[in-house]
Amino acid sequence: MALKDILPGKLGFGAAPLGNMFRDIPEQEALATVNAAWDDGIRYFDNAPFYGAGLAEIRMGAALTGRPRGDYVISTKVGRVILDEIEDVDARDLGEKGDVFKHGRPNKIVNDYSKDATLRSIEDSLRRLGTDRIDIAFVHDVAQDFYGDEWLAVFESARKGAFKALDQLRDEGVIKAWGLGVNRVEPIELLLALDDPRPDGFLLAGRYTLLDHARALQRVMPMVAEHELAIVVGGPYSSGALAGGPNFEYAPAPPEIIDKVARIKTIADGYGVSMKAAGLQFALANPVVAAVIPGASRPSRIAEDRAALEESIPADFWRELRSAGLVSPAAPLIGLD
């Protein structure tokens, strides 16, 4: 089933912060954030074993327990198996994401995209989430940011293992859909160029945002559209940089990004437009984008995201961003295209 036919709305919940992303989040605060999302009407929740070595799934499962399972959609990811064995968190090799989840559980994380590991990963996720089914399974991080020069070998391992396993699980009705959950466009392009397997959509984090979208527009967005599939945009605030935070791409923002944010904010302030509204509505203006899933670790953030989604943005704001060279001429913009 196509991803766009499964998702229950334009705004979902990205659960990475529940895994103690960047900070040690109190249990009650994490649960209250999921409950705030539910009370707001959000019914799509995205997770992954990688987020805090299973912590985000455990917390989300606890928060959603007792909710009617047919009322919400869960996506999680495969490619990493979480063991009972404890490891030195500081010694983990996590590519560019080294310190992101240092406050998560110390359980050993094993990268494995084989068929057996894929099946085990889903079973483990079901247990942690306390549910009997997963709607969407994304193959996680088969890309350069985690595996560097080895990424193509990892992708090939997933092609032989996880992709075929998920095709089969989808055809058997165990899951409704599958695709890739990545922070780079190249793996999506590579998968769509293959005759087999048959993905249903993608989660692309950080690559179709107000701050970084030119490369996605060149090839991957047209390819996804050509296949009549859809993308969920993760990280719409670019790790918080767009909303005034210190990080971009899970690391301290470089000077050119800080400058770009300041230029956008000057224009936004002139029109009374919030930066979060600009970020969410930019992503959703592309017809290929089915939903956005900003992460949240505080209940108050949910209301901010909802307000950003519903804020009225004048077309002249987008026109000025385009004329200033702050958005690609090829990017669809609300009220202009």
# chains A, B, ... in the order shown; residues from 1 in each chain; ligands from 1
call {"tool": "select_by_dssp", "arguments": {"residues": "region 63-256 of chain A", "states": "strand (DSSP E)", "output": "short mmCIF file (atom, residue, chain, number, x, y, z; two decimals) with N, CA, C and O atoms, in the first residue's frame"}}
result
data_model
loop_
_atom_site.label_atom_id
_atom_site.label_comp_id
_atom_site.auth_asym_id
_atom_site.auth_seq_id
_atom_site.Cartn_x
_atom_site.Cartn_y
_atom_site.Cartn_z
N VAL A 73 -1.12 5.22 13.51
CA VAL A 73 -0.16 4.57 12.61
C VAL A 73 1.22 4.66 13.23
O VAL A 73 1.64 5.73 13.69
N ILE A 74 1.93 3.54 13.22
CA ILE A 74 3.31 3.50 13.72
C ILE A 74 4.25 3.12 12.57
O ILE A 74 4.01 2.16 11.84
N SER A 75 5.32 3.88 12.44
CA SER A 75 6.45 3.43 11.62
C SER A 75 7.65 3.27 12.53
O SER A 75 7.84 4.04 13.48
N THR A 76 8.44 2.24 12.27
CA THR A 76 9.72 2.11 12.94
C THR A 76 10.73 1.61 11.91
O THR A 76 10.42 1.56 10.71
N LYS A 77 11.92 1.26 12.35
CA LYS A 77 12.98 1.02 11.38
C LYS A 77 13.71 -0.29 11.64
O LYS A 77 13.63 -0.84 12.75
N VAL A 78 14.37 -0.79 10.61
CA VAL A 78 15.17 -2.00 10.71
C VAL A 78 16.59 -1.68 10.23
O VAL A 78 16.83 -0.68 9.57
N ARG A 80 19.21 -2.21 12.60
CA ARG A 80 19.98 -2.22 13.85
C ARG A 80 19.25 -3.10 14.87
O ARG A 80 18.06 -2.91 15.10
N VAL A 81 19.99 -4.01 15.44
CA VAL A 81 19.44 -4.89 16.47
C VAL A 81 20.00 -4.44 17.82
O VAL A 81 21.21 -4.19 17.95
N ILE A 82 19.14 -4.32 18.81
CA ILE A 82 19.55 -3.89 20.15
C ILE A 82 19.68 -5.13 21.04
O ILE A 82 18.72 -5.89 21.20
N LEU A 83 20.86 -5.33 21.60
CA LEU A 83 21.12 -6.51 22.43
C LEU A 83 20.92 -6.19 23.92
O LEU A 83 20.90 -5.03 24.32
N ASP A 84 20.81 -7.25 24.71
CA ASP A 84 20.76 -7.08 26.17
C ASP A 84 22.14 -6.71 26.71
O ASP A 84 22.27 -6.11 27.77
N GLU A 85 23.17 -7.09 25.96
CA GLU A 85 24.56 -6.82 26.35
C GLU A 85 24.80 -5.31 26.43
O GLU A 85 24.31 -4.54 25.60
N ILE A 86 25.58 -4.90 27.45
CA ILE A 86 25.90 -3.48 27.64
C ILE A 86 27.23 -3.16 26.97
O ILE A 86 28.15 -3.98 26.94
N ASN A 107 22.72 -0.27 25.97
CA ASN A 107 22.66 -1.57 25.30
C ASN A 107 23.45 -1.55 23.99
O ASN A 107 23.49 -0.54 23.29
N LYS A 108 24.05 -2.68 23.68
CA LYS A 108 24.86 -2.78 22.47
C LYS A 108 23.99 -2.69 21.22
O LYS A 108 22.94 -3.33 21.14
N ILE A 109 24.43 -1.89 20.27
CA ILE A 109 23.73 -1.70 19.00
C ILE A 109 24.53 -2.42 17.91
O ILE A 109 25.72 -2.15 17.71
N VAL A 110 23.87 -3.34 17.20
CA VAL A 110 24.53 -4.10 16.13
C VAL A 110 23.90 -3.72 14.78
O VAL A 110 22.68 -3.83 14.61
N ASN A 111 24.72 -3.25 13.85
CA ASN A 111 24.24 -2.94 12.51
C ASN A 111 24.12 -4.23 11.72
O ASN A 111 25.10 -4.94 11.53
N ILE A 136 4.41 0.64 9.10
CA ILE A 136 5.42 0.97 8.11
C ILE A 136 6.80 0.65 8.67
O ILE A 136 7.11 1.01 9.81
N ALA A 137 7.62 -0.04 7.89
CA ALA A 137 9.00 -0.34 8.29
C ALA A 137 9.95 0.36 7.32
O ALA A 137 9.88 0.16 6.10
N PHE A 138 10.83 1.19 7.88
CA PHE A 138 11.85 1.86 7.06
C PHE A 138 13.21 1.23 7.32
O PHE A 138 13.57 0.96 8.47
N VAL A 139 13.97 0.99 6.25
CA VAL A 139 15.34 0.51 6.39
C VAL A 139 16.20 1.73 6.74
O VAL A 139 16.26 2.70 5.98
N HIS A 140 16.88 1.66 7.88
CA HIS A 140 17.46 2.84 8.50
C HIS A 140 18.92 3.11 8.11
O HIS A 140 19.77 2.22 8.23
N ALA A 177 3.48 -1.27 4.60
CA ALA A 177 4.36 -0.57 3.67
C ALA A 177 5.79 -0.58 4.18
O ALA A 177 6.04 -0.79 5.36
N TRP A 178 6.74 -0.33 3.24
CA TRP A 178 8.13 -0.21 3.65
C TRP A 178 8.85 0.74 2.70
O TRP A 178 8.38 1.03 1.60
N GLY A 179 10.02 1.19 3.14
CA GLY A 179 10.84 2.07 2.33
C GLY A 179 12.16 2.31 3.03
O GLY A 179 12.57 1.52 3.88
N LEU A 180 12.83 3.39 2.70
CA LEU A 180 14.08 3.76 3.35
C LEU A 180 13.84 4.93 4.29
O LEU A 180 13.05 5.83 3.99
N GLY A 181 14.55 4.93 5.42
CA GLY A 181 14.57 6.07 6.32
C GLY A 181 16.00 6.58 6.39
O GLY A 181 16.84 5.98 7.07
N VAL A 182 16.30 7.66 5.65
CA VAL A 182 17.69 8.08 5.46
C VAL A 182 17.83 9.60 5.58
O VAL A 182 16.86 10.35 5.49
N GLY A 201 7.34 4.09 -0.28
CA GLY A 201 7.56 5.48 0.05
C GLY A 201 8.82 5.61 0.89
O GLY A 201 9.51 4.62 1.16
N PHE A 202 9.13 6.82 1.32
CA PHE A 202 10.41 7.07 1.98
C PHE A 202 10.28 8.09 3.10
O PHE A 202 9.40 8.94 3.09
N LEU A 203 11.22 7.97 4.05
CA LEU A 203 11.39 8.99 5.07
C LEU A 203 12.75 9.63 4.80
O LEU A 203 13.78 8.97 4.84
N LEU A 204 12.73 10.90 4.48
CA LEU A 204 13.95 11.63 4.17
C LEU A 204 14.11 12.74 5.20
O LEU A 204 13.29 13.65 5.28
N ALA A 205 15.17 12.64 5.99
CA ALA A 205 15.38 13.60 7.08
C ALA A 205 16.45 14.62 6.70
O ALA A 205 17.53 14.25 6.25
N ILE A 231 7.03 11.05 0.13
CA ILE A 231 8.09 11.21 1.13
C ILE A 231 7.52 11.80 2.41
O ILE A 231 6.69 12.70 2.38
N VAL A 232 7.97 11.25 3.53
CA VAL A 232 7.77 11.88 4.84
C VAL A 232 9.03 12.68 5.12
O VAL A 232 10.14 12.15 5.01
N VAL A 233 8.88 13.94 5.44
CA VAL A 233 10.04 14.79 5.73
C VAL A 233 10.33 14.77 7.23
O VAL A 233 9.50 15.20 8.04
N GLY A 234 11.49 14.23 7.57
CA GLY A 234 11.97 14.28 8.94
C GLY A 234 12.89 15.47 9.13
O GLY A 234 13.43 16.01 8.16
N ASN A 247 22.11 23.63 16.71
CA ASN A 247 22.58 22.50 15.89
C ASN A 247 22.00 22.50 14.49
O ASN A 247 20.87 22.91 14.24
N PHE A 248 22.83 22.00 13.56
CA PHE A 248 22.43 21.73 12.18
C PHE A 248 23.04 20.38 11.82
O PHE A 248 24.23 20.16 12.05
N ALA A 251 24.89 18.55 14.68
CA ALA A 251 26.18 19.08 15.16
C ALA A 251 26.08 20.61 15.21
O ALA A 251 25.15 21.19 14.64
N PRO A 252 27.01 21.29 15.89
CA PRO A 252 26.95 22.75 15.94
C PRO A 252 26.86 23.36 14.54
O PRO A 252 27.61 22.98 13.63
#
call {"tool": "select_by_dssp", "arguments": {"residues": "region 132-190 of chain A", "states": "helix (DSSP H, G or I)", "output": "PyMOL selection string"}}
result
chain A and resi 144-160+162-171+186-190
call {"tool": "residues_around", "arguments": {"residues": "region 141-151 of chain A", "least_positions_apart": "4", "cutoff": "10 Å", "atoms": "only C-alpha atoms", "output": "MDAnalysis selection string"}}
result
chainID A and resid 77:80 93:98 111 113 155:158 180:188
call {"tool": "residues_around", "arguments": {"residues": "Leu333 (chain A)", "least_positions_apart": "6", "cutoff": "8 Å", "atoms": "only C-alpha atoms", "output": "MDAnalysis selection string"}}
result
chainID A and resid 282 285:286 318
call {"tool": "residues_around", "arguments": {"residues": "Val261 (chain A)", "least_positions_apart": "4", "cutoff": "8 Å", "atoms": "only C-alpha atoms", "output": "number ranges by chain"}}
result
A: 211, 241-242, 244, 257, 265
call {"tool": "write_last_selection", "arguments": {"atoms": "all heavy atoms", "output": "PDB file, in the first residue's frame"}}
result
ATOM      1  N   LEU A 211      16.356  25.101   4.703  1.00  0.00           N
ATOM      2  CA  LEU A 211      17.795  25.384   4.698  1.00  0.00           C
ATOM      3  C   LEU A 211      18.579  24.516   3.720  1.00  0.00           C
ATOM      4  O   LEU A 211      19.709  24.855   3.358  1.00  0.00           O
ATOM      5  CB  LEU A 211      18.371  25.192   6.109  1.00  0.00           C
ATOM      6  CG  LEU A 211      17.862  26.153   7.184  1.00  0.00           C
ATOM      7  CD1 LEU A 211      18.518  25.843   8.519  1.00  0.00           C
ATOM      8  CD2 LEU A 211      18.128  27.609   6.783  1.00  0.00           C
ATOM      9  N   ALA A 241      18.203  24.222  13.902  1.00  0.00           N
ATOM     10  CA  ALA A 241      18.846  25.453  13.442  1.00  0.00           C
ATOM     11  C   ALA A 241      17.833  26.469  12.929  1.00  0.00           C
ATOM     12  O   ALA A 241      17.935  27.671  13.205  1.00  0.00           O
ATOM     13  CB  ALA A 241      19.865  25.136  12.351  1.00  0.00           C
ATOM     14  N   LEU A 242      16.835  26.003  12.189  1.00  0.00           N
ATOM     15  CA  LEU A 242      15.851  26.915  11.607  1.00  0.00           C
ATOM     16  C   LEU A 242      15.032  27.617  12.684  1.00  0.00           C
ATOM     17  O   LEU A 242      14.585  28.749  12.496  1.00  0.00           O
ATOM     18  CB  LEU A 242      14.923  26.140  10.658  1.00  0.00           C
ATOM     19  CG  LEU A 242      13.970  26.997   9.827  1.00  0.00           C
ATOM     20  CD1 LEU A 242      14.739  27.867   8.844  1.00  0.00           C
ATOM     21  CD2 LEU A 242      12.957  26.137   9.085  1.00  0.00           C
ATOM     22  N   GLY A 244      16.129  28.530  15.573  1.00  0.00           N
ATOM     23  CA  GLY A 244      16.988  29.283  16.477  1.00  0.00           C
ATOM     24  C   GLY A 244      17.868  28.440  17.372  1.00  0.00           C
ATOM     25  O   GLY A 244      18.548  28.965  18.257  1.00  0.00           O
ATOM     26  N   ILE A 257      25.338  28.508   7.719  1.00  0.00           N
ATOM     27  CA  ILE A 257      23.958  28.164   8.062  1.00  0.00           C
ATOM     28  C   ILE A 257      23.386  29.206   9.025  1.00  0.00           C
ATOM     29  O   ILE A 257      22.234  29.648   8.882  1.00  0.00           O
ATOM     30  CB  ILE A 257      23.879  26.753   8.683  1.00  0.00           C
ATOM     31  CG1 ILE A 257      24.160  25.688   7.606  1.00  0.00           C
ATOM     32  CG2 ILE A 257      22.530  26.507   9.340  1.00  0.00           C
ATOM     33  CD1 ILE A 257      23.135  25.633   6.481  1.00  0.00           C
ATOM     34  N   LYS A 265      15.194  34.866   8.719  1.00  0.00           N
ATOM     35  CA  LYS A 265      14.448  35.407   9.859  1.00  0.00           C
ATOM     36  C   LYS A 265      14.168  36.901   9.689  1.00  0.00           C
ATOM     37  O   LYS A 265      13.090  37.386  10.076  1.00  0.00           O
ATOM     38  CB  LYS A 265      15.214  35.163  11.169  1.00  0.00           C
ATOM     39  CG  LYS A 265      14.347  35.444  12.402  1.00  0.00           C
ATOM     40  CD  LYS A 265      14.999  34.989  13.680  1.00  0.00           C
ATOM     41  CE  LYS A 265      14.040  35.069  14.858  1.00  0.00           C
ATOM     42  NZ  LYS A 265      13.240  36.293  14.950  1.00  0.00           N
TER      43      LYS A 265
END
call {"tool": "closest_residue", "arguments": {"among": "A:Pro255, A:Gly235, A:Pro332, A:Gly173", "to": "Ile293 (chain A)", "atoms": "only C-alpha atoms"}}
result
A:Gly235
call {"tool": "closest_residue", "arguments": {"among": "A:Glu304, A:Glu172, A:Glu57, A:Glu320", "to": "Arg105 (chain A)", "atoms": "only C-alpha atoms"}}
result
A:Glu57
call {"tool": "closest_residue", "arguments": {"among": "A:Ser238, A:Thr65, A:Ser297, A:Ser328", "to": "Ala30 (chain A)", "atoms": "only C-alpha atoms"}}
result
A:Ser297
call {"tool": "decode", "arguments": {"residues": "region 173-209 of chain A", "atoms": "N, CA and C atoms", "output": "CSV table (one decimal), in the first residue's frame"}}
result
chain,number,residue,atom,x,y,z
A,173,GLY,N,1.0,-9.2,4.4
A,173,GLY,CA,0.1,-8.4,5.3
A,173,GLY,C,0.6,-8.2,6.7
A,174,VAL,N,1.8,-8.6,7.0
A,174,VAL,CA,2.4,-8.3,8.3
A,174,VAL,C,2.6,-6.9,8.5
A,175,ILE,N,3.1,-6.2,7.5
A,175,ILE,CA,3.3,-4.7,7.5
A,175,ILE,C,2.5,-4.2,6.3
A,176,LYS,N,2.1,-2.9,6.4
A,176,LYS,CA,1.4,-2.3,5.3
A,176,LYS,C,2.3,-1.7,4.2
A,177,ALA,N,3.5,-1.3,4.6
A,177,ALA,CA,4.4,-0.6,3.7
A,177,ALA,C,5.8,-0.6,4.2
A,178,TRP,N,6.7,-0.3,3.2
A,178,TRP,CA,8.1,-0.2,3.7
A,178,TRP,C,8.8,0.7,2.7
A,179,GLY,N,10.0,1.2,3.1
A,179,GLY,CA,10.8,2.1,2.3
A,179,GLY,C,12.2,2.3,3.0
A,180,LEU,N,12.8,3.4,2.7
A,180,LEU,CA,14.1,3.8,3.3
A,180,LEU,C,13.8,4.9,4.3
A,181,GLY,N,14.6,4.9,5.4
A,181,GLY,CA,14.6,6.1,6.3
A,181,GLY,C,16.0,6.6,6.4
A,182,VAL,N,16.3,7.7,5.7
A,182,VAL,CA,17.7,8.1,5.5
A,182,VAL,C,17.8,9.6,5.6
A,183,ASN,N,19.1,10.0,5.7
A,183,ASN,CA,19.4,11.4,5.8
A,183,ASN,C,20.1,11.9,4.5
A,184,ARG,N,20.2,11.1,3.5
A,184,ARG,CA,20.8,11.4,2.2
A,184,ARG,C,19.9,11.0,1.1
A,185,VAL,N,20.0,11.7,-0.1
A,185,VAL,CA,19.1,11.4,-1.2
A,185,VAL,C,19.6,10.2,-2.0
A,186,GLU,N,20.9,10.0,-2.1
A,186,GLU,CA,21.4,9.0,-3.0
A,186,GLU,C,20.9,7.6,-2.8
A,187,PRO,N,20.7,7.1,-1.6
A,187,PRO,CA,20.1,5.7,-1.4
A,187,PRO,C,18.7,5.6,-2.0
A,188,ILE,N,17.9,6.7,-1.9
A,188,ILE,CA,16.6,6.6,-2.5
A,188,ILE,C,16.7,6.6,-4.0
A,189,GLU,N,17.6,7.4,-4.6
A,189,GLU,CA,17.8,7.3,-6.0
A,189,GLU,C,18.2,5.9,-6.5
A,190,LEU,N,19.1,5.3,-5.8
A,190,LEU,CA,19.6,4.0,-6.1
A,190,LEU,C,18.5,3.0,-6.0
A,191,LEU,N,17.7,3.0,-5.0
A,191,LEU,CA,16.6,2.0,-4.9
A,191,LEU,C,15.6,2.2,-6.0
A,192,LEU,N,15.3,3.4,-6.3
A,192,LEU,CA,14.2,3.6,-7.3
A,192,LEU,C,14.7,3.2,-8.7
A,193,ALA,N,16.0,3.2,-8.9
A,193,ALA,CA,16.6,2.8,-10.2
A,193,ALA,C,16.6,1.2,-10.4
A,194,LEU,N,16.3,0.5,-9.3
A,194,LEU,CA,16.3,-1.0,-9.4
A,194,LEU,C,14.9,-1.5,-9.9
A,195,ASP,N,14.9,-2.6,-10.6
A,195,ASP,CA,13.6,-3.2,-11.0
A,195,ASP,C,12.9,-3.8,-9.8
A,196,ASP,N,13.6,-4.4,-9.0
A,196,ASP,CA,13.1,-5.0,-7.7
A,196,ASP,C,14.0,-4.4,-6.6
A,197,PRO,N,13.5,-4.3,-5.4
A,197,PRO,CA,12.2,-4.6,-4.9
A,197,PRO,C,11.3,-3.4,-5.1
A,198,ARG,N,10.1,-3.4,-4.4
A,198,ARG,CA,9.1,-2.5,-4.6
A,198,ARG,C,8.7,-1.7,-3.4
A,199,PRO,N,9.5,-0.6,-3.1
A,199,PRO,CA,9.2,0.2,-1.9
A,199,PRO,C,7.8,1.0,-2.0
A,200,ASP,N,7.3,1.4,-0.9
A,200,ASP,CA,6.0,2.1,-0.9
A,200,ASP,C,6.2,3.6,-0.6
A,201,GLY,N,7.3,4.1,-0.3
A,201,GLY,CA,7.6,5.5,0.1
A,201,GLY,C,8.8,5.6,0.9
A,202,PHE,N,9.1,6.8,1.3
A,202,PHE,CA,10.4,7.1,2.0
A,202,PHE,C,10.3,8.1,3.1
A,203,LEU,N,11.2,8.0,4.1
A,203,LEU,CA,11.4,9.0,5.1
A,203,LEU,C,12.7,9.6,4.8
A,204,LEU,N,12.7,10.9,4.5
A,204,LEU,CA,13.9,11.6,4.2
A,204,LEU,C,14.1,12.7,5.2
A,205,ALA,N,15.2,12.6,6.0
A,205,ALA,CA,15.4,13.6,7.1
A,205,ALA,C,16.5,14.6,6.7
A,206,GLY,N,16.1,15.9,6.9
A,206,GLY,CA,17.1,16.9,6.7
A,206,GLY,C,17.4,17.4,5.3
A,207,ARG,N,16.9,16.7,4.3
A,207,ARG,CA,17.3,17.0,2.9
A,207,ARG,C,16.2,17.7,2.1
A,208,TYR,N,15.0,17.8,2.7
A,208,TYR,CA,14.1,18.7,2.0
A,208,TYR,C,13.5,19.7,3.1
A,209,THR,N,14.4,20.6,3.4
A,209,THR,CA,14.1,21.7,4.4
A,209,THR,C,14.3,23.0,3.8
